[in-house]
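See below for coords.txt, which holds compact mmCIF, C-alpha atoms and all ligand atoms.
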```txt
# COMPACT_ATOMS: atom_id res chain seq x y z
CA MET N 1 71.25 -34.42 54.78
CA GLY N 2 71.64 -37.53 52.69
CA ASP N 3 69.72 -38.21 49.49
CA LEU N 4 67.03 -40.19 51.27
CA LYS N 5 66.43 -37.45 53.82
CA GLU N 6 66.33 -34.81 51.12
CA GLY N 7 63.80 -36.89 49.23
CA LEU N 8 61.65 -37.16 52.36
CA ALA N 9 61.83 -33.43 53.02
CA ASP N 10 60.86 -32.81 49.38
CA ALA N 11 57.94 -35.23 49.64
CA LEU N 12 56.63 -33.38 52.71
CA GLU N 13 57.17 -30.00 51.07
CA GLY N 14 55.42 -31.11 47.87
CA ALA N 15 52.36 -32.22 49.81
CA ARG N 16 52.23 -28.94 51.71
CA GLN N 17 52.52 -26.81 48.60
CA ARG N 18 49.68 -28.76 47.09
CA SER N 19 47.42 -28.35 50.15
CA LEU N 20 48.03 -24.63 50.39
CA GLY N 21 47.74 -24.20 46.64
CA LEU N 22 44.27 -25.72 46.78
CA LEU N 23 43.03 -23.60 49.68
CA ASP N 24 44.78 -20.25 49.23
CA PRO N 25 42.38 -19.05 46.48
CA LEU N 26 39.39 -19.51 48.82
CA SER N 27 37.80 -16.96 51.11
CA GLU N 28 38.08 -17.53 54.86
CA ALA N 29 34.37 -18.29 54.93
CA ASP N 30 34.72 -20.99 52.27
CA GLN N 31 37.60 -22.58 54.16
CA LEU N 32 35.53 -22.70 57.35
CA ALA N 33 32.20 -23.70 55.81
CA GLN N 34 30.70 -27.16 55.80
CA HIS N 35 30.10 -27.58 52.07
CA SER N 36 28.46 -30.98 52.49
CA PRO N 37 27.53 -33.15 55.48
CA LEU N 38 29.74 -35.81 53.89
CA MET N 39 32.84 -33.63 54.07
CA SER N 40 34.87 -31.78 56.69
CA PRO N 41 35.39 -28.02 56.68
CA LEU N 42 38.46 -27.57 54.48
CA VAL N 43 40.44 -25.92 57.25
CA TRP N 44 39.79 -28.96 59.47
CA ASP N 45 41.54 -31.12 56.86
CA LEU N 46 44.43 -28.67 56.77
CA ALA N 47 45.03 -28.63 60.53
CA HIS N 48 44.35 -32.38 60.74
CA VAL N 49 47.24 -33.17 58.41
CA GLY N 50 49.48 -31.03 60.65
CA HIS N 51 48.22 -32.87 63.71
CA TYR N 52 48.85 -36.25 62.08
CA GLU N 53 52.34 -35.04 61.20
CA GLU N 54 52.91 -34.05 64.83
CA LEU N 55 51.68 -37.45 66.06
CA TRP N 56 53.99 -39.42 63.80
CA LEU N 57 57.02 -37.29 62.96
CA LEU N 58 57.39 -35.56 66.33
CA ARG N 59 55.74 -37.66 69.03
CA ALA N 60 56.39 -41.13 67.59
CA VAL N 61 59.82 -40.41 66.09
CA ALA N 62 61.23 -37.96 68.66
CA ARG N 63 59.10 -38.64 71.75
CA THR N 64 57.99 -35.00 72.02
CA ARG N 65 55.11 -33.85 74.22
CA PRO N 66 51.75 -32.80 72.70
CA ILE N 67 51.85 -29.22 71.40
CA ASP N 68 48.17 -28.71 72.31
CA PRO N 69 46.46 -31.67 73.99
CA ALA N 70 43.02 -30.40 72.85
CA HIS N 71 44.01 -31.17 69.26
CA ASP N 72 44.08 -34.88 70.10
CA ASP N 73 40.32 -34.71 70.33
CA ILE N 74 39.43 -32.05 67.74
CA TYR N 75 41.56 -33.50 64.96
CA ASP N 76 40.99 -37.19 65.60
CA ALA N 77 38.95 -38.47 62.65
CA PHE N 78 37.55 -41.30 64.78
CA LYS N 79 36.25 -39.06 67.54
CA HIS N 80 34.13 -36.77 65.37
CA VAL N 81 32.29 -37.66 62.19
CA ARG N 82 32.73 -35.22 59.34
CA LYS N 83 29.39 -33.47 59.74
CA GLU N 84 30.25 -32.55 63.36
CA ARG N 85 33.56 -30.95 62.65
CA ALA N 86 32.34 -27.45 61.76
CA ARG N 87 30.97 -27.15 65.31
CA LEU N 88 34.30 -27.99 66.98
CA PRO N 89 36.63 -25.21 68.17
CA ILE N 90 38.84 -25.68 65.10
CA LEU N 91 41.72 -23.39 64.15
CA GLY N 92 40.84 -20.67 61.66
CA PRO N 93 42.58 -20.42 58.28
CA ALA N 94 45.45 -18.18 59.47
CA GLU N 95 45.93 -20.03 62.77
CA ALA N 96 45.89 -23.40 61.04
CA ARG N 97 48.58 -22.27 58.58
CA ARG N 98 50.75 -20.92 61.41
CA HIS N 99 50.28 -24.10 63.40
CA ILE N 100 51.14 -26.55 60.64
CA ALA N 101 54.16 -24.44 59.60
CA MET N 102 55.44 -24.57 63.19
CA VAL N 103 54.99 -28.35 63.27
CA ARG N 104 56.80 -28.65 59.95
CA GLY N 105 59.75 -26.60 61.19
CA ARG N 106 60.21 -28.94 64.15
CA VAL N 107 59.77 -31.99 61.92
CA LEU N 108 62.59 -30.87 59.64
CA ASP N 109 64.86 -30.33 62.67
CA VAL N 110 64.12 -33.88 63.83
CA LEU N 111 64.61 -35.30 60.33
CA ASP N 112 68.02 -33.66 60.17
CA LYS N 113 69.18 -35.57 63.27
CA VAL N 114 67.23 -38.84 63.18
CA GLU N 115 68.94 -42.07 62.18
CA LEU N 116 66.78 -43.84 59.57
CA ASP N 117 67.63 -47.20 61.06
CA PRO N 118 66.75 -50.08 58.68
CA ALA N 119 66.16 -52.27 61.76
CA VAL N 120 63.33 -49.99 62.93
CA PRO N 121 60.30 -50.64 60.68
CA LEU N 122 58.84 -47.17 61.25
CA LEU N 123 62.05 -45.51 60.06
CA SER N 124 63.39 -48.00 57.53
CA GLU N 125 63.58 -46.30 54.11
CA GLY N 126 61.79 -43.36 55.70
CA PHE N 127 58.48 -45.26 55.88
CA VAL N 128 56.80 -42.99 58.43
CA TYR N 129 57.72 -39.87 56.44
CA GLY N 130 56.25 -41.45 53.33
CA MET N 131 53.14 -42.33 55.30
CA VAL N 132 52.68 -38.73 56.44
CA ALA N 133 53.27 -37.30 52.94
CA GLN N 134 50.79 -39.78 51.42
CA HIS N 135 48.29 -38.95 54.15
CA GLU N 136 48.43 -35.26 53.26
CA HIS N 137 48.01 -36.06 49.56
CA GLN N 138 45.01 -38.25 50.37
CA HIS N 139 43.45 -35.36 52.24
CA ASP N 140 44.19 -33.12 49.25
CA GLU N 141 42.14 -35.50 47.13
CA THR N 142 39.39 -35.38 49.75
CA MET N 143 39.56 -31.58 49.66
CA LEU N 144 39.20 -31.70 45.88
CA ALA N 145 35.99 -33.67 46.40
CA THR N 146 34.81 -31.05 48.91
CA LEU N 147 35.66 -28.27 46.46
CA SER N 148 33.57 -29.95 43.77
CA LEU N 149 30.57 -29.73 46.14
CA MET N 150 30.90 -25.97 46.73
CA GLU N 151 27.73 -24.12 45.85
CA GLY N 152 27.35 -20.96 43.80
CA GLU N 153 30.20 -19.85 41.62
CA GLY N 154 32.16 -22.89 42.69
CA TYR N 155 35.89 -23.39 42.63
CA ARG N 156 36.62 -22.77 38.92
CA PRO N 157 40.20 -23.97 38.70
CA ALA N 158 42.32 -23.17 35.67
CA ALA N 159 43.86 -26.30 34.20
CA GLU N 160 45.22 -27.50 30.90
CA PRO N 161 42.91 -29.78 28.93
CA PRO N 162 43.88 -33.47 28.98
CA PRO N 163 45.42 -35.14 25.92
CA PRO N 164 42.98 -36.34 23.24
CA GLY N 165 41.43 -39.79 23.34
CA HIS N 166 42.00 -42.56 20.80
CA PRO N 167 39.70 -45.42 19.86
CA VAL N 168 40.78 -48.49 21.81
CA THR N 169 40.34 -51.92 20.25
CA PRO N 170 39.57 -54.55 21.22
CA ALA N 171 37.04 -53.43 23.83
CA GLU N 172 37.97 -56.27 26.17
CA VAL N 173 40.87 -58.66 26.63
CA ARG N 174 41.16 -62.16 28.02
CA VAL N 175 43.44 -62.59 31.01
CA ASP N 176 44.84 -66.09 31.54
CA GLY N 177 43.99 -68.07 34.63
CA GLY N 178 46.53 -69.35 37.13
CA THR N 179 48.31 -68.18 40.23
CA PHE N 180 49.75 -64.70 40.51
CA THR N 181 51.30 -62.63 43.26
CA MET N 182 48.83 -60.22 44.82
CA GLY N 183 49.95 -57.44 47.16
CA THR N 184 53.53 -56.52 47.92
CA ASP N 185 56.45 -57.10 50.27
CA LEU N 186 58.74 -54.87 48.25
CA GLU N 187 57.17 -51.41 48.08
CA ALA N 188 58.86 -49.37 50.80
CA TRP N 189 55.92 -47.03 51.33
CA ALA N 190 53.09 -49.53 50.83
CA TYR N 191 50.43 -49.53 53.52
CA ASP N 192 49.80 -52.49 55.79
CA ASN N 193 46.64 -53.44 53.84
CA GLU N 194 48.70 -54.05 50.65
CA ARG N 195 50.82 -56.63 52.51
CA PRO N 196 51.93 -59.35 52.52
CA ALA N 197 52.47 -60.52 48.96
CA HIS N 198 50.59 -63.80 48.51
CA GLY N 199 49.58 -66.20 45.77
CA ILE N 200 46.05 -66.03 44.38
CA ASP N 201 44.65 -68.53 41.92
CA LEU N 202 42.23 -67.07 39.38
CA ALA N 203 40.13 -68.57 36.63
CA PRO N 204 40.62 -66.90 33.25
CA PHE N 205 38.44 -63.81 32.74
CA TRP N 206 37.72 -60.98 30.35
CA ILE N 207 38.18 -57.36 31.32
CA ASP N 208 37.40 -54.09 29.53
CA THR N 209 40.36 -52.28 28.02
CA THR N 210 39.01 -48.88 29.11
CA PRO N 211 36.88 -47.53 31.91
CA VAL N 212 33.16 -47.24 31.08
CA THR N 213 32.64 -43.93 29.28
CA ASN N 214 29.95 -41.27 29.60
CA ALA N 215 28.53 -42.35 26.23
CA ALA N 216 28.25 -45.97 27.30
CA TYR N 217 26.72 -44.97 30.60
CA GLN N 218 24.20 -42.70 28.85
CA ALA N 219 23.08 -45.71 26.83
CA PHE N 220 22.36 -47.52 30.09
CA ILE N 221 20.26 -44.57 31.28
CA ALA N 222 18.47 -44.28 27.93
CA ALA N 223 17.65 -47.99 28.02
CA GLY N 224 15.84 -47.49 31.32
CA GLY N 225 18.59 -49.09 33.38
CA TYR N 226 17.78 -47.05 36.47
CA ASP N 227 14.17 -48.22 36.43
CA ASP N 228 14.73 -51.90 35.75
CA ARG N 229 15.01 -53.81 38.97
CA ARG N 230 16.60 -56.84 37.31
CA PHE N 231 19.91 -55.01 37.01
CA TRP N 232 20.15 -53.97 40.64
CA SER N 233 21.07 -55.94 43.73
CA GLU N 234 18.57 -55.82 46.56
CA ALA N 235 20.65 -53.31 48.52
CA GLY N 236 21.35 -51.37 45.34
CA TRP N 237 17.66 -51.12 44.43
CA ALA N 238 16.78 -50.01 47.96
CA HIS N 239 19.41 -47.29 47.80
CA ARG N 240 18.48 -46.21 44.26
CA THR N 241 14.87 -45.85 45.41
CA LYS N 242 15.59 -44.03 48.65
CA ALA N 243 18.19 -41.67 47.12
CA ARG N 244 16.12 -41.31 43.90
CA LEU N 245 19.12 -42.00 41.70
CA VAL N 246 18.54 -41.31 38.01
CA ALA N 247 22.06 -40.47 36.77
CA PRO N 248 25.59 -39.91 38.11
CA GLN N 249 26.07 -37.11 40.62
CA PHE N 250 26.36 -33.65 39.02
CA TRP N 251 24.47 -34.71 35.85
CA ARG N 252 21.39 -32.80 34.72
CA PRO N 253 18.99 -33.73 31.91
CA GLU N 254 18.98 -31.21 29.07
CA GLY N 255 16.14 -32.72 27.04
CA GLY N 256 16.17 -35.19 24.18
CA GLY N 257 18.32 -37.63 26.12
CA ALA N 258 21.18 -35.14 26.46
CA TRP N 259 22.90 -34.47 29.78
CA SER N 260 25.14 -31.76 31.12
CA ARG N 261 27.35 -31.97 34.16
CA LEU N 262 28.54 -29.54 36.76
CA ARG N 263 32.30 -29.44 37.25
CA TYR N 264 33.72 -27.09 39.86
CA GLY N 265 31.17 -24.41 39.14
CA TYR N 266 31.05 -24.83 35.37
CA ARG N 267 28.13 -26.46 33.67
CA GLU N 268 29.33 -28.26 30.57
CA GLN N 269 28.25 -30.81 28.02
CA LEU N 270 29.25 -34.35 28.74
CA VAL N 271 32.38 -35.48 26.94
CA ALA N 272 31.27 -38.73 25.32
CA ASP N 273 34.53 -40.66 25.54
CA GLU N 274 35.51 -39.52 29.03
CA PRO N 275 35.27 -42.14 31.79
CA VAL N 276 32.02 -41.82 33.73
CA MET N 277 32.66 -40.39 37.19
CA HIS N 278 30.76 -39.89 40.45
CA VAL N 279 28.85 -43.15 40.33
CA CYS N 280 28.35 -45.28 43.42
CA PHE N 281 29.12 -48.99 43.63
CA PHE N 282 25.47 -49.90 43.17
CA GLU N 283 25.22 -47.91 39.94
CA ALA N 284 28.42 -49.52 38.65
CA GLU N 285 27.07 -52.95 39.52
CA ALA N 286 23.73 -52.27 37.79
CA TYR N 287 25.42 -50.98 34.64
CA ALA N 288 27.63 -54.08 34.51
CA ARG N 289 24.62 -56.38 34.81
CA TRP N 290 22.79 -54.46 32.10
CA ALA N 291 25.85 -54.85 29.86
CA GLY N 292 25.85 -58.63 30.47
CA LYS N 293 29.01 -58.33 32.53
CA ARG N 294 30.06 -57.84 36.15
CA LEU N 295 32.60 -55.79 38.08
CA PRO N 296 36.08 -57.28 38.38
CA THR N 297 37.26 -58.56 41.74
CA GLU N 298 40.19 -56.61 43.07
CA ALA N 299 42.44 -59.62 42.42
CA GLU N 300 41.37 -59.62 38.76
CA TRP N 301 41.96 -55.88 38.57
CA GLU N 302 45.45 -56.18 40.06
CA LYS N 303 46.42 -59.05 37.79
CA ALA N 304 45.24 -57.22 34.68
CA ALA N 305 47.09 -54.11 35.84
CA SER N 306 50.44 -55.51 36.84
CA ILE N 307 51.28 -59.09 35.89
CA GLU N 308 53.25 -59.85 32.74
CA PRO N 309 51.74 -62.71 30.74
CA GLY N 310 54.12 -65.66 30.46
CA SER N 311 56.79 -64.71 32.99
CA GLY N 312 54.28 -63.77 35.70
CA ARG N 313 56.59 -60.92 36.70
CA LYS N 314 54.82 -58.20 38.64
CA ARG N 315 55.17 -54.55 37.65
CA ARG N 316 54.81 -51.65 40.08
CA TYR N 317 52.59 -49.91 37.54
CA PRO N 318 50.80 -51.13 34.41
CA TRP N 319 53.55 -49.77 32.13
CA GLY N 320 56.52 -51.02 34.15
CA ASP N 321 58.46 -50.08 37.24
CA GLU N 322 59.25 -46.45 36.53
CA PRO N 323 57.22 -43.84 38.46
CA PRO N 324 54.30 -42.22 36.62
CA THR N 325 55.03 -39.42 34.17
CA GLU N 326 52.64 -37.18 32.23
CA ALA N 327 52.83 -39.70 29.37
CA HIS N 328 51.69 -42.65 31.50
CA ALA N 329 48.66 -41.48 33.41
CA ASN N 330 46.38 -38.63 34.38
CA LEU N 331 47.30 -37.94 38.01
CA GLY N 332 48.04 -35.05 40.37
CA GLN N 333 45.08 -32.81 39.36
CA ARG N 334 47.01 -31.79 36.24
CA HIS N 335 43.77 -31.50 34.27
CA PHE N 336 41.15 -31.38 37.01
CA ARG N 337 39.16 -34.01 35.12
CA PRO N 338 39.48 -37.50 33.67
CA ALA N 339 41.06 -37.82 30.22
CA PRO N 340 39.15 -39.46 27.36
CA ALA N 341 39.53 -43.18 26.75
CA GLY N 342 42.77 -44.08 25.02
CA ALA N 343 44.55 -40.84 25.98
CA TYR N 344 47.53 -42.65 27.53
CA PRO N 345 48.81 -45.34 25.16
CA ALA N 346 52.17 -45.29 26.99
CA GLY N 347 50.41 -46.33 30.19
CA VAL N 348 48.81 -49.50 28.86
CA SER N 349 49.03 -52.67 31.01
CA PRO N 350 50.74 -55.90 29.91
CA TRP N 351 47.32 -57.29 28.93
CA GLY N 352 46.29 -54.20 26.97
CA CYS N 353 44.20 -52.33 29.55
CA HIS N 354 44.29 -48.56 29.38
CA GLN N 355 44.10 -46.00 32.17
CA MET N 356 44.15 -48.42 35.06
CA ILE N 357 46.15 -45.82 36.98
CA GLY N 358 44.71 -42.30 37.15
CA ASP N 359 41.54 -40.75 35.67
CA VAL N 360 38.90 -42.42 37.90
CA TRP N 361 39.03 -44.77 40.87
CA GLU N 362 37.55 -48.07 39.74
CA TRP N 363 34.98 -49.88 41.84
CA THR N 364 35.62 -53.59 42.25
CA SER N 365 33.21 -56.24 43.49
CA SER N 366 35.45 -57.02 46.47
CA SER N 367 34.75 -56.01 50.03
CA PHE N 368 37.65 -54.59 52.01
CA ASP N 369 39.33 -57.40 53.92
CA ALA N 370 42.75 -58.37 55.25
CA TYR N 371 45.15 -60.34 53.09
CA PRO N 372 46.24 -63.69 54.58
CA GLY N 373 49.07 -62.99 57.03
CA PHE N 374 48.05 -59.35 57.53
CA ALA N 375 49.60 -57.53 60.49
CA TRP N 376 48.59 -53.96 61.26
CA PHE N 377 51.35 -51.39 60.97
CA PRO N 378 51.98 -48.87 62.32
CA TYR N 379 48.52 -48.52 63.87
CA PRO N 380 45.28 -50.55 63.70
CA GLU N 381 43.13 -47.54 62.81
CA TYR N 382 44.65 -47.18 59.36
CA SER N 383 43.16 -50.34 57.88
CA GLN N 384 42.28 -53.01 60.39
CA VAL N 385 39.25 -51.30 61.91
CA PHE N 386 37.69 -51.08 58.43
CA PHE N 387 38.06 -54.75 57.51
CA GLY N 388 34.85 -56.74 57.38
CA GLY N 389 32.68 -53.63 57.23
CA ASP N 390 30.32 -52.55 54.48
CA TYR N 391 33.10 -51.22 52.26
CA ARG N 392 34.00 -51.93 48.65
CA VAL N 393 37.49 -51.69 47.25
CA LEU N 394 38.38 -49.13 44.61
CA ARG N 395 41.60 -49.36 42.62
CA GLY N 396 43.95 -47.31 40.50
CA GLY N 397 43.64 -43.72 41.72
CA SER N 398 41.99 -40.81 39.96
CA TRP N 399 43.04 -37.60 38.21
CA ALA N 400 43.12 -36.12 41.73
CA THR N 401 45.54 -38.69 43.17
CA GLN N 402 49.15 -37.68 43.62
CA PRO N 403 51.58 -39.88 41.64
CA GLY N 404 53.46 -40.89 44.82
CA ALA N 405 50.25 -42.05 46.48
CA ILE N 406 49.25 -44.70 43.94
CA ARG N 407 50.61 -48.01 42.64
CA ALA N 408 49.18 -51.25 41.25
CA THR N 409 48.82 -52.73 44.74
CA PHE N 410 47.15 -49.67 46.33
CA ARG N 411 43.72 -50.28 47.88
CA ASN N 412 41.13 -47.63 48.56
CA TRP N 413 37.74 -48.38 50.11
CA ASP N 414 34.44 -46.65 50.64
CA TYR N 415 30.77 -47.30 51.31
CA PRO N 416 28.89 -48.66 48.29
CA ILE N 417 26.57 -45.62 48.29
CA ARG N 418 29.34 -43.01 48.06
CA ARG N 419 29.84 -41.04 44.87
CA GLN N 420 31.26 -37.66 45.80
CA ILE N 421 34.63 -39.39 45.32
CA PHE N 422 36.17 -39.55 41.84
CA SER N 423 34.78 -42.99 41.17
CA GLY N 424 34.14 -44.83 37.94
CA PHE N 425 34.61 -48.46 36.90
CA ARG N 426 35.36 -50.95 34.15
CA CYS N 427 33.60 -54.27 33.60
CA ALA N 428 34.75 -57.85 33.50
CA ARG N 429 33.16 -61.22 32.75
CA ASP N 430 33.90 -64.90 33.16
CA ALA N 431 35.84 -66.57 30.35
FE FE B 501 43.41 -38.35 58.01
```

Translate this structure into structure tokens?
Amino acid sequence: MGDLKEGLADALEGARQRSLGLLDPLSEADQLAQHSPLMSPLVWDLAHVGHYEELWLLRAVARTRPIDPAHDDIYDAFKHVRKERARLPILGPAEARRHIAMVRGRVLDVLDKVELDPAVPLLSEGFVYGMVAQHEHQHDETMLATLSLMEGEGYRPAAEPPPPGHPVTPAEVRVDGGTFTMGTDLEAWAYDNERPAHGIDLAPFWIDTTPVTNAAYQAFIAAGGYDDRRFWSEAGWAHRTKARLVAPQFWRPEGGGAWSRLRYGYREQLVADEPVMHVCFFEAEAYARWAGKRLPTEAEWEKAASIEPGSGRKRRYPWGDEPPTEAHANLGQRHFRPAPAGAYPAGVSPWGCHQMIGDVWEWTSSSFDAYPGFAWFPYPEYSQVFFGGDYRVLRGGSWATQPGAIRATFRNWDYPIRRQIFSGFRCARDA
């Protein structure tokens, strides 16, 4: 195999090791259980990634016949909402592992022989292999969210603590106005929704140099932010009232204004300078209004994360073009938690923003829509069917995102009420 093919095989293998590494410590019952109506049984995710791999790397690439036609229904995310999936005739933990290993064996045989023809968009630079590896890593992040919802003893992972934080000054920076290039035509493994690259004209704006921390968020709670309607949008207030929101998910009051939080089965004191996590869009929006600010648009976020002042050159990541290392960003579940503000000085953006990649996904004020000139690829169900819906864009990845599945142009989206994801935010304001 050539270097490219070896790299693709390694990417697939890395994703698989990660998936199995997450699930192998669990009992069969915990792999089969529905830990939350918002999430799939973990073993559904596992077999689903194998089914997706079969669809794309066997059927689409090598024109093979379905291995088990029933899987086209059971493992189609559009046919069954998450809360239904525990009632489907899904493969058990051992069967699922056997099945996905069999698929993988056939995939590697095909990869050995296939010509990665640059004239075929699906195969050029191994795009479809990158798509499948990223898909598995995205499900691994989803599984990490499921694991954080497990009751009882919880998941209790062993992980090294993150590097220490450092005070970051100034607290916000001014980003110049003008036209910049949003999205990408150059990233080989970018999804359709990140394309095409296009010019966007922005007014100058201010943006926070760090994500909003637990300490800052506690001040919002202590000031009565959850009970003051002025800070909430109409939809946000309705949701806050119906869901009885009083604090981020997993927080518990400990008296005297103190809070603890539950993390994978451990109850611990809040770390003051850690980015706040598990807030929904409406909470982020209310905090920003209370602070006299607003959420950034996704264009503002991307400019602050990737455009060099002066030259206007676009970087792949805030620190430059080289792939993320441990020094740049908190990714790949290395620490199983966000790192404190200022922990990654080597990862700072050209404008001085810290931790734009990794730690927590950052809510933006933008709804999820197509870029001008968008064309779905390789299938409309990846992005197109979600455009124009009630989704908000999140940027930058979290501590649970794999380094190969994030970049400055990457767009994630979710409902504004969701907070089981590893979501935080930073604020912006008009200049
Ligand atoms: Fe999926």

Can you pull out every residue with an atom within 7 Å of ligand FE 501 (chain B)? Use all atoms listed in the file and format it as a tab-separated table (two decimals) with C-alpha atoms, in the coordinates of the input.
```tsv
chain	number	residue	atom	x	y	z
N	48	HIS	CA	44.35	-32.38	60.74
N	49	VAL	CA	47.24	-33.17	58.41
N	77	ALA	CA	38.95	-38.47	62.65
N	135	HIS	CA	48.29	-38.95	54.15
N	139	HIS	CA	43.45	-35.36	52.24
```

With only C-alpha atoms as the counted atoms, please give the residues lying no more than 9 Å from Asp430 of chain N, apart from itself and same-chain residues fewer than 2 positions off, as a ChimeraX atom specification.
/N:203-207,293-294,428

Which neighbours of Arg230 of chain N fall inside 12 Å, counting only C-alpha atoms, when residues of the same chain fewer than 2 positions from it are skipped, and could you give them as a list in words?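 Contacts, with the query itself left out: Gly224, Gly225, Tyr226, Asp227, Asp228, Trp232, Ser233, Glu234, Gly236, Trp237, Glu285, Ala286, Tyr287, Ala288, Arg289, Trp290 and Gly292 of chain N.
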
Two-atom distance - atom CA of Ser311 of chain N, atom CA of His354 of chain N (Å) =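 Separation between atom CA of Ser311 of chain N and atom CA of His354 of chain N: 20.7 Å.
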
Correct to one decimal, the distance atom CA of Ala62 of chain N-atom CA of Phe78 of chain N is 24.2 Å

- Task: Can you work out which one of N:Leu202, N:Leu270, N:Val276, N:Leu122 has the shortest atom-to-atom distance to Pro296 of chain N, counting all atoms listed in the file?
- Result: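 Selected residue with least distance to Pro296 of chain N: N:Leu202.
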
Using all atoms listed in the file, the best pick from N:Glu141, N:Val110, N:Tyr266, N:Leu42 as closest to Leu26 of chain N would be N:Leu42

Pick from N:Asp192, N:Glu187, N:Glu84, N:Glu381 nearest to Pro41 of chain N, counting all atoms listed in the file:
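Of all the options, N:Glu84 lies closest to Pro41 of chain N.
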
Do a neighbour search on Ala94 of chain N at 12 Å with all atoms listed in the file, toss out local chain neighbours closer than 2 positions, and write the hits as number ranges by chain.
-> N: 20, 23-24, 27-29, 31-32, 43, 46-47, 90-92, 96-101

Correct to one decimal, the distance atom CA of Ala400 of chain N-atom CA of Arg334 of chain N is 8.0 Å

Excluding same-chain residues fewer than 6 positions from segment 389-396 of chain N, what lies within 10 Å of it counting all atoms listed in the file, as a ChimeraX atom specification? /N:281,297-298,301-302,305,317-318,355-369,406-418,423-425

Query raised in the report: Which residue out of N:Met39, N:Leu12, N:Ala327, N:Ala291 has the minimum interatomic distance to Val132 of chain N when all atoms listed in the file are used?
Result: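 Using all atoms listed in the file, the shortest distance to Val132 of chain N belongs to N:Leu12.
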
Inset, instruction - Name all residues at most 9 Å from segment 168-181 of chain N (count only C-alpha atoms; drop same-chain ones fewer than 2 positions away) and give them as a ChimeraX atom specification. - result: /N:165-166,183-184,197-210,300,303-304,307,309,312-314,341-342,351-354,427-428,431

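Distances to Gly154 of chain N were evaluated for N:Ala219, N:His35, N:Glu95, N:Asp112 using only C-alpha atoms, and the minimum falls at N:His35.
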
For this session: Please determine the residues with any atom at most 6 Å from (57.4, -34.0, 65.2) (coordinates as given in the file, with all atoms listed in the file counting) and report them as an MDAnalysis selection string.
Result: chainID N and resid 54 57:59 106:107

Nearest residue to Glu283 of chain N from the set N:Arg156, N:Arg229, N:Arg87, N:Arg252 (distances using all atoms listed in the file):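 Of all the options, N:Arg229 lies closest to Glu283 of chain N.
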